[in-house]
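Here's the structure, in structure tokens; my notes come after.
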Amino acid sequence: MFKPRTLDALRIADDDLRAVLEGRRRLLFDGGMGTMLQAAGLAAGARPELITLSDPEAITRIHAAYVEAGAEVITTNTFGANRLKLGDAATVDEVFTAAVAAARAAGARYVAGDIGPTGALMRPLGTLSFDEAYELFAEEARAAARAGADLIIIETMTDLAEIRAAVIAAQESCDLPIFATMTFEPDGRTFLGTSPEIAARTLEALGVEALGINCSLGPAQIRPFAERMLAVTDVPVIVQANAGLPRSEEGRTVYDIAPEAYAEAVSGMLADGVAIVGGCCGTTPDYIRLLARAMEARGRALEPRRCPRPFVAASAQQAAVLDGRSIAVVGERINPTGKKRLQQALREGDLAHVIGLGIQQQEQGADILDVNVGLPGIDERTTMLRVVEELQASTVLPLQIDSSDAEAVEAAARRYAGIPIINSVNGTQESMDAVLPIAARYGCDIVALTLDEHGIPETAEERVAIAERIVRAAAGYGIGPHRILVDCLVMTASTNQRQALGILRAVSACRERLGVHCALGVSNISFGLPARGLLNATFLAAALGAGLDAPIINPASERIMDVVRSFRVLNAEDEGSAAFIDRYAGAPDPYTASGGQAAGAPAEGAHQADAERGTIEHLILTGRKGDMPAATRAALEQLEPMEVISRHFIPALDEAGDRFDAGKLFLPQLMATAEAARAGFDVIRERMPANAETSGRGICLATVKGDIHDIGKNIVRMLLENYGFTVYDLGRDVAPDTVLAAVREHGTPLVGLSALMTTTVPAMAETIELLHREAPGVCVIVGGAVLTPDYARQIGADFYAKDAAAAARICQEELGE
């Protein structure tokens, strides 16, 4: 039988560490490893993890310096020690065994087995599957545990899907406490668009023992992000900041925040409630020594925190939060019941139609998407996985996994990047035994249906009694009322007229007596009756007044959405009525005789939006790659290939870049626009003459020597290819002379270089110097987490690109015709 993860089930080194995990004690980690390796002259051209094998005494000396400075936790030199990165150079076991031994030899009180990102992009953006990532991380966790580590720290993650795979792998592979941290950009989101709140809530739901932030920024910049985490989670928060921004000084990477300023800024976070601190890039024992003094001055004891507990469903980029005042619209249209076109699409594996329904509902105002793919004769598990994966790339909305197939539910819940809702569990013992363990294991919310072995009860009290039974059973799995949506099951008024108001009474009673939130399938009320839209809207208004906060509806119904928008004014969710005014000001009132529109007609502007749907620009901007070939062929009936590109493709990609820069589009959706454009370009290439290749628009891309992280480079490649550039991808860990040889072979006027690690920036500088000396007409663009515009100039780069969209713009300006 499944048992919730508790501290009693873990191997905890001592009572002090247990007190940390319970939120009653502060803890001090060590500082940067790459910085110390560079200072010792050991990092140039070498993979840091392999130094643990070739020169373990040097690694022990670095660890010992941190121990002497006061660090309680020493992090193993295994950040990149996964099988994908190590290749044939060493085994994972060899590296972790040597790394833990080096930390122990230094006198570490606690040893943290360090697990960093794989360096590959996960599906659907990349090629690495959840299961492949899981195996890589599980191998590291097992190796760390066998070697004698006291805890696992999963760090420097930018992808919520990847950190999820790492956490689940570690939990299922060892019995050690697990700390998990993500790294954030200055805009307060990770590279792939996850906010501190979503990261904290997702990791807490998964059951990590500590969570937080590391790398990327200095402590003053990170402090507001840490405060946002502290506001939404009771789990101990860890922060390991960089020593500010890097710069080049006499061929070395140095940072701009001195130890005193660093310690002062971190002291502020300790006062805020951060429990665990240390340092990342640029920090040394001098920094940790001052942190130890600050911690001793404040005292190790800490009061456990208790945060509010709203209902939260979340994708990697967006959350739907129910706090007792807000409401969340659950879009119901991805459900094959009664929808012949959707049934056909599912049977044929035509995901374009399914994804289109998700995108449309997002545009129409849904906050959550219900996903039901159950049909006789199809592999529901495989289909559910494909649909959930594609929806996560195309929309930002949280998903509600709707299935009676426990295997399909678990497969999707395990891999979902965020906090999904499982629809549903009911009051039968069989249902609770099947669904509640899945929800508990993967940190999911649940929809609880008020039916049991005897069917759907007639009275409000009977419905509430079933809901109470499910709430009690869920508590046994560690699922609190705040994670439950009770659905009191709407029956049609045509045959159950006297139950309608009883359902509303049940909603109110569940909210007040059980502390849960409530969902209802609103449109069931009107089945079999005329003027269904009118009855649905009236019932919805009454239900919202009774306490309904998650109506399951069709957001394409303007009448229904009018009720939702109006209620958000009345319950003060729409502050200052701003959204209502923006939607309706200047448009005729559709509900008055003088309005000039039929009752329930779309507001002004809706017709224009409908007309825009299906255009190439709209398909690209919404990532509708499945619909792009047909739309492109239709355009080619009217225009020449290059006209289609210049009139439709390039403006759409430019608009996507502008939205990305404005924070209105996140990287997964930006990548989806590129995929959609690529699907159209493939059609255009079929029509273009063989000699139509564009000359002078080539660029070589490479991750520099010693660095094997190529996520950023791969994203840049995809965008550039869809702008019509010829890209020569040299791969990762590329030596300077290899880059030069490629430039000479292909005659490219531009080179793009990427580096994630501090220790590999000197290789980038060496490559730039070689190119400028031997190929003086070539311009170099650089990017990567460790770089800044100033740093890029200091190492001789011609351009700095903060992200893939910026790199595409630079190439357009330099190579555009």
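Note on naming: chains are A, B, ... as they come in the structure tokens, residues start from 1 per chain, ligands start from 1 in the order shown.
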
For Arg717 of chain A: contacts at 7 Å, only C-alpha atoms, fewer than 4 positions along chain excluded, given as a ChimeraX atom specification: /A:713,721,727

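When the distance limit is 10 Å and only C-alpha atoms are what count, the residues near Asp654 of chain A, minus those fewer than 2 positions from it on the same chain, are A:Leu621, A:Phe649, A:Ile650, A:Pro651, A:Ala652, A:Ala656, A:Gly657, A:Asp658, A:Arg659, A:Phe660, A:Tyr723, A:Ala805, A:Ala808, A:Arg809.
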
Based on the selection just made, write N, CA and C atoms of those residues as a PDB file, in the first residue's frame.
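Dumped to again23.pdb:
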ATOM      1  N   LEU A 621       1.568  31.958 -34.438  1.00  0.00           N
ATOM      2  CA  LEU A 621       1.597  32.556 -33.099  1.00  0.00           C
ATOM      3  C   LEU A 621       0.995  31.646 -32.039  1.00  0.00           C
ATOM      4  N   PHE A 649       5.227  34.627 -42.824  1.00  0.00           N
ATOM      5  CA  PHE A 649       6.067  33.907 -41.869  1.00  0.00           C
ATOM      6  C   PHE A 649       6.926  34.839 -41.028  1.00  0.00           C
ATOM      7  N   ILE A 650       7.671  35.691 -41.678  1.00  0.00           N
ATOM      8  CA  ILE A 650       8.603  36.549 -40.947  1.00  0.00           C
ATOM      9  C   ILE A 650       7.864  37.511 -40.012  1.00  0.00           C
ATOM     10  N   PRO A 651       6.783  38.185 -40.457  1.00  0.00           N
ATOM     11  CA  PRO A 651       6.061  39.042 -39.503  1.00  0.00           C
ATOM     12  C   PRO A 651       5.529  38.274 -38.293  1.00  0.00           C
ATOM     13  N   ALA A 652       5.062  37.045 -38.518  1.00  0.00           N
ATOM     14  CA  ALA A 652       4.545  36.257 -37.400  1.00  0.00           C
ATOM     15  C   ALA A 652       5.655  35.891 -36.428  1.00  0.00           C
ATOM     16  N   ALA A 656       6.073  36.995 -32.562  1.00  0.00           N
ATOM     17  CA  ALA A 656       6.327  36.033 -31.488  1.00  0.00           C
ATOM     18  C   ALA A 656       7.522  36.475 -30.651  1.00  0.00           C
ATOM     19  N   GLY A 657       8.568  36.963 -31.315  1.00  0.00           N
ATOM     20  CA  GLY A 657       9.726  37.460 -30.577  1.00  0.00           C
ATOM     21  C   GLY A 657       9.385  38.656 -29.710  1.00  0.00           C
ATOM     22  N   ASP A 658       8.556  39.564 -30.240  1.00  0.00           N
ATOM     23  CA  ASP A 658       8.142  40.728 -29.454  1.00  0.00           C
ATOM     24  C   ASP A 658       7.328  40.294 -28.230  1.00  0.00           C
ATOM     25  N   ARG A 659       6.424  39.354 -28.413  1.00  0.00           N
ATOM     26  CA  ARG A 659       5.626  38.869 -27.284  1.00  0.00           C
ATOM     27  C   ARG A 659       6.508  38.170 -26.250  1.00  0.00           C
ATOM     28  N   PHE A 660       7.509  37.450 -26.726  1.00  0.00           N
ATOM     29  CA  PHE A 660       8.441  36.785 -25.809  1.00  0.00           C
ATOM     30  C   PHE A 660       9.198  37.826 -24.994  1.00  0.00           C
ATOM     31  N   TYR A 723      13.905  31.266 -39.656  1.00  0.00           N
ATOM     32  CA  TYR A 723      14.037  32.580 -40.285  1.00  0.00           C
ATOM     33  C   TYR A 723      14.732  32.460 -41.645  1.00  0.00           C
ATOM     34  N   ALA A 805      15.603  34.602 -28.976  1.00  0.00           N
ATOM     35  CA  ALA A 805      14.946  35.619 -29.785  1.00  0.00           C
ATOM     36  C   ALA A 805      15.910  36.760 -30.108  1.00  0.00           C
ATOM     37  N   ALA A 808      18.276  35.696 -32.870  1.00  0.00           N
ATOM     38  CA  ALA A 808      17.643  35.746 -34.194  1.00  0.00           C
ATOM     39  C   ALA A 808      17.614  37.171 -34.732  1.00  0.00           C
ATOM     40  N   ARG A 809      17.341  38.125 -33.851  1.00  0.00           N
ATOM     41  CA  ARG A 809      17.300  39.519 -34.301  1.00  0.00           C
ATOM     42  C   ARG A 809      18.677  40.008 -34.748  1.00  0.00           C
TER      43      ARG A 809
END

Show me a table, sorted first by chain and then by increasing residue number, of the residues of segment 283-383 of chain A having an atom at most 10 Å from segment 428-452 of chain A, each with its shortest atom pair and the distance in Å to one decimal, counting only C-alpha atoms and written as CSV.
residue,atom,partner,partner_atom,distance
A:Phe311,CA,A:Asp445,CA,8.2
A:Val312,CA,A:Asp445,CA,7.9
A:Ala313,CA,A:Asp445,CA,7.1
A:Ala314,CA,A:Cys444,CA,9.8

Pick out the residues sitting within 10 Å of Ile51 of chain A, and hand them over as a ChimeraX atom specification; count only C-alpha atoms, and ignore anything fewer than 3 positions along from it in its own chain. /A:37,42-43,46-48,54-59,77,95,98-99

Put those residues in a file: C-alpha atoms, as a short mmCIF file (atom, residue, chain, number, x, y, z; two decimals), in the first residue's frame.
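Generated output (result03.cif):
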data_model
loop_
_atom_site.label_atom_id
_atom_site.label_comp_id
_atom_site.auth_asym_id
_atom_site.auth_seq_id
_atom_site.Cartn_x
_atom_site.Cartn_y
_atom_site.Cartn_z
CA LEU A 37 39.02 25.10 -9.40
CA LEU A 42 42.75 23.14 -12.46
CA ALA A 43 39.74 23.97 -14.60
CA ALA A 46 39.14 19.89 -17.97
CA ARG A 47 35.74 18.56 -17.03
CA PRO A 48 35.42 19.44 -13.32
CA SER A 54 42.58 12.52 -11.47
CA ASP A 55 43.41 14.76 -8.48
CA PRO A 56 41.18 13.90 -5.50
CA GLU A 57 43.52 15.63 -3.05
CA ALA A 58 42.92 18.96 -4.80
CA ILE A 59 39.17 18.52 -4.45
CA ASN A 77 31.93 17.66 -7.17
CA VAL A 95 32.74 9.65 -9.86
CA ALA A 98 35.42 9.38 -5.30
CA ALA A 99 33.49 12.63 -4.77
#

Restrict the calculation to only C-alpha atoms, then for each residue of segment 220-339 of chain A with any atom at most 9 Å from an atom of segment 65-69 of chain A give the closest atom pair and their distance in Å to one decimal, rows by chain and rising residue number, as a tab-separated table.
residue	atom	partner	partner_atom	distance
A:Thr284	CA	A:Tyr66	CA	7.8
A:Pro285	CA	A:Tyr66	CA	5.1
A:Asp286	CA	A:Ala69	CA	7.1
A:Tyr287	CA	A:Ala69	CA	8.5
A:Ile288	CA	A:Ala69	CA	6.0
A:Arg289	CA	A:Ala69	CA	4.5
A:Leu290	CA	A:Ala69	CA	8.2
A:Ala292	CA	A:Ala69	CA	7.5

Per-residue DSSP, segment 431-467 of chain A, filtered to strand (DSSP E), as a PyMOL selection string: chain A and resi 445-449

Can you work out which one of A:Ile74, A:Met757, A:Ala741, A:Leu701 has the shortest atom-to-atom distance to Gln38 of chain A, counting only C-alpha atoms?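 The answer is A:Met757, which sits nearest to Gln38 of chain A.
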
Measuring atom to atom with only C-alpha atoms, identify which of A:Leu544, A:Leu302, A:Leu217, A:Leu160 is nearest to Gly282 of chain A.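 So, comparing all the options, the nearest one is A:Leu217.
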
With only C-alpha atoms as the atoms that count, which of A:Ala672, A:Ala144, A:Leu771, A:Ala271 lies nearest to Gly299 of chain A?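 The shortest atom-to-atom distance to Gly299 of chain A comes from A:Ala271.
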
Which segment 352-425 of chain A residues have any atom within 12 Å of an atom of segment 466-488 of chain A, and for each, what is the nearest pair of atoms with distance in Å to one decimal, counting only C-alpha atoms, rows sorted by chain and number, as a Markdown table?
| residue | atom | partner | partner_atom | distance |
| --- | --- | --- | --- | --- |
| A:Gln400 | CA | A:Leu485 | CA | 11.3 |
| A:Ile419 | CA | A:Arg483 | CA | 10.2 |
| A:Pro420 | CA | A:Arg483 | CA | 10.5 |
| A:Ile421 | CA | A:Arg483 | CA | 8.8 |
| A:Ile422 | CA | A:Ile484 | CA | 9.7 |
| A:Asn423 | CA | A:Leu485 | CA | 9.3 |
| A:Ser424 | CA | A:Asp487 | CA | 9.2 |
| A:Val425 | CA | A:Ile470 | CA | 8.2 |

Got a sec: who's within 7 Å of Thr233 of chain A, counting only C-alpha atoms, leaving out chain neighbours fewer than 6 positions off, as a PyMOL selection string? chain A and resi 200-201+307

Atoms kept (N, CA and C atoms) for selection, written as a PDB file, in the first residue's frame:
ATOM      1  N   ALA A 200       7.931  26.543  -6.224  1.00  0.00           N
ATOM      2  CA  ALA A 200       7.806  26.165  -4.823  1.00  0.00           C
ATOM      3  C   ALA A 200       6.610  25.244  -4.592  1.00  0.00           C
ATOM      4  N   ARG A 201       5.475  25.607  -5.164  1.00  0.00           N
ATOM      5  CA  ARG A 201       4.269  24.811  -4.935  1.00  0.00           C
ATOM      6  C   ARG A 201       4.379  23.422  -5.565  1.00  0.00           C
ATOM      7  N   CYS A 307       1.909  28.714   6.051  1.00  0.00           N
ATOM      8  CA  CYS A 307       1.422  29.577   4.983  1.00  0.00           C
ATOM      9  C   CYS A 307      -0.041  29.285   4.673  1.00  0.00           C
TER      10      CYS A 307
END

A:Arg463, A:Arg347, A:Arg505, A:Arg300 ranked by distance to Gly23 of chain A, top pick (using only C-alpha atoms):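 With only C-alpha atoms as the atom set, the closest residue is A:Arg300.
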
Find the residues around Ala542 of chain A up to 12 Å (only C-alpha atoms counted), leave out those fewer than 2 positions away in its own chain, and share them as a CSV table (one decimal) with C-alpha atoms, in the first residue's frame.
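Produced file out-v2.csv, reproduced below:
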chain,number,residue,atom,x,y,z
A,500,ALA,CA,-31.3,21.8,-9.0
A,501,LEU,CA,-31.5,24.0,-5.9
A,502,GLY,CA,-30.5,21.0,-3.8
A,503,ILE,CA,-27.2,20.8,-5.8
A,504,LEU,CA,-26.5,24.4,-5.0
A,505,ARG,CA,-27.2,23.8,-1.3
A,507,VAL,CA,-22.1,23.2,-2.9
A,508,SER,CA,-22.6,25.7,-0.1
A,520,LEU,CA,-19.7,21.6,-11.5
A,522,VAL,CA,-22.8,23.4,-15.6
A,535,LEU,CA,-30.6,28.1,-18.7
A,536,ASN,CA,-26.9,27.3,-18.4
A,537,ALA,CA,-26.1,31.0,-17.8
A,538,THR,CA,-28.8,31.4,-15.2
A,539,PHE,CA,-27.8,28.2,-13.4
A,540,LEU,CA,-24.1,29.3,-13.5
A,544,LEU,CA,-21.4,31.1,-8.4
A,545,GLY,CA,-23.5,32.8,-5.8
A,546,ALA,CA,-23.7,29.5,-3.9
A,547,GLY,CA,-19.9,29.1,-3.7
A,548,LEU,CA,-19.0,27.4,-7.0
A,549,ASP,CA,-15.4,28.4,-7.9
A,551,PRO,CA,-17.3,25.8,-13.3
A,563,VAL,CA,-21.7,35.6,-16.6
A,564,VAL,CA,-18.1,34.7,-15.5
A,567,PHE,CA,-19.3,37.7,-11.4

Could you list, as a ChimeraX atom specification, every residue within 12 Å of Gly356 of chain A, counting only C-alpha atoms and ignoring same-chain residues fewer than 3 positions away? /A:333-334,342,345,350-353,359-363,387,390-391,394-395,613-614,618-619,622-628

Check the smallest atom-to-atom distance from each of A:Gly712, A:Pro668, A:Gly324, A:Pro117 to Gly515 of chain A using only C-alpha atoms, then report the winner. A:Gly324

Counting only C-alpha atoms, the option among A:Cys174, A:Leu84, A:Ala763, A:Ala804 closest to Asp707 of chain A: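 With only C-alpha atoms as the atom set, the closest residue is A:Ala763.
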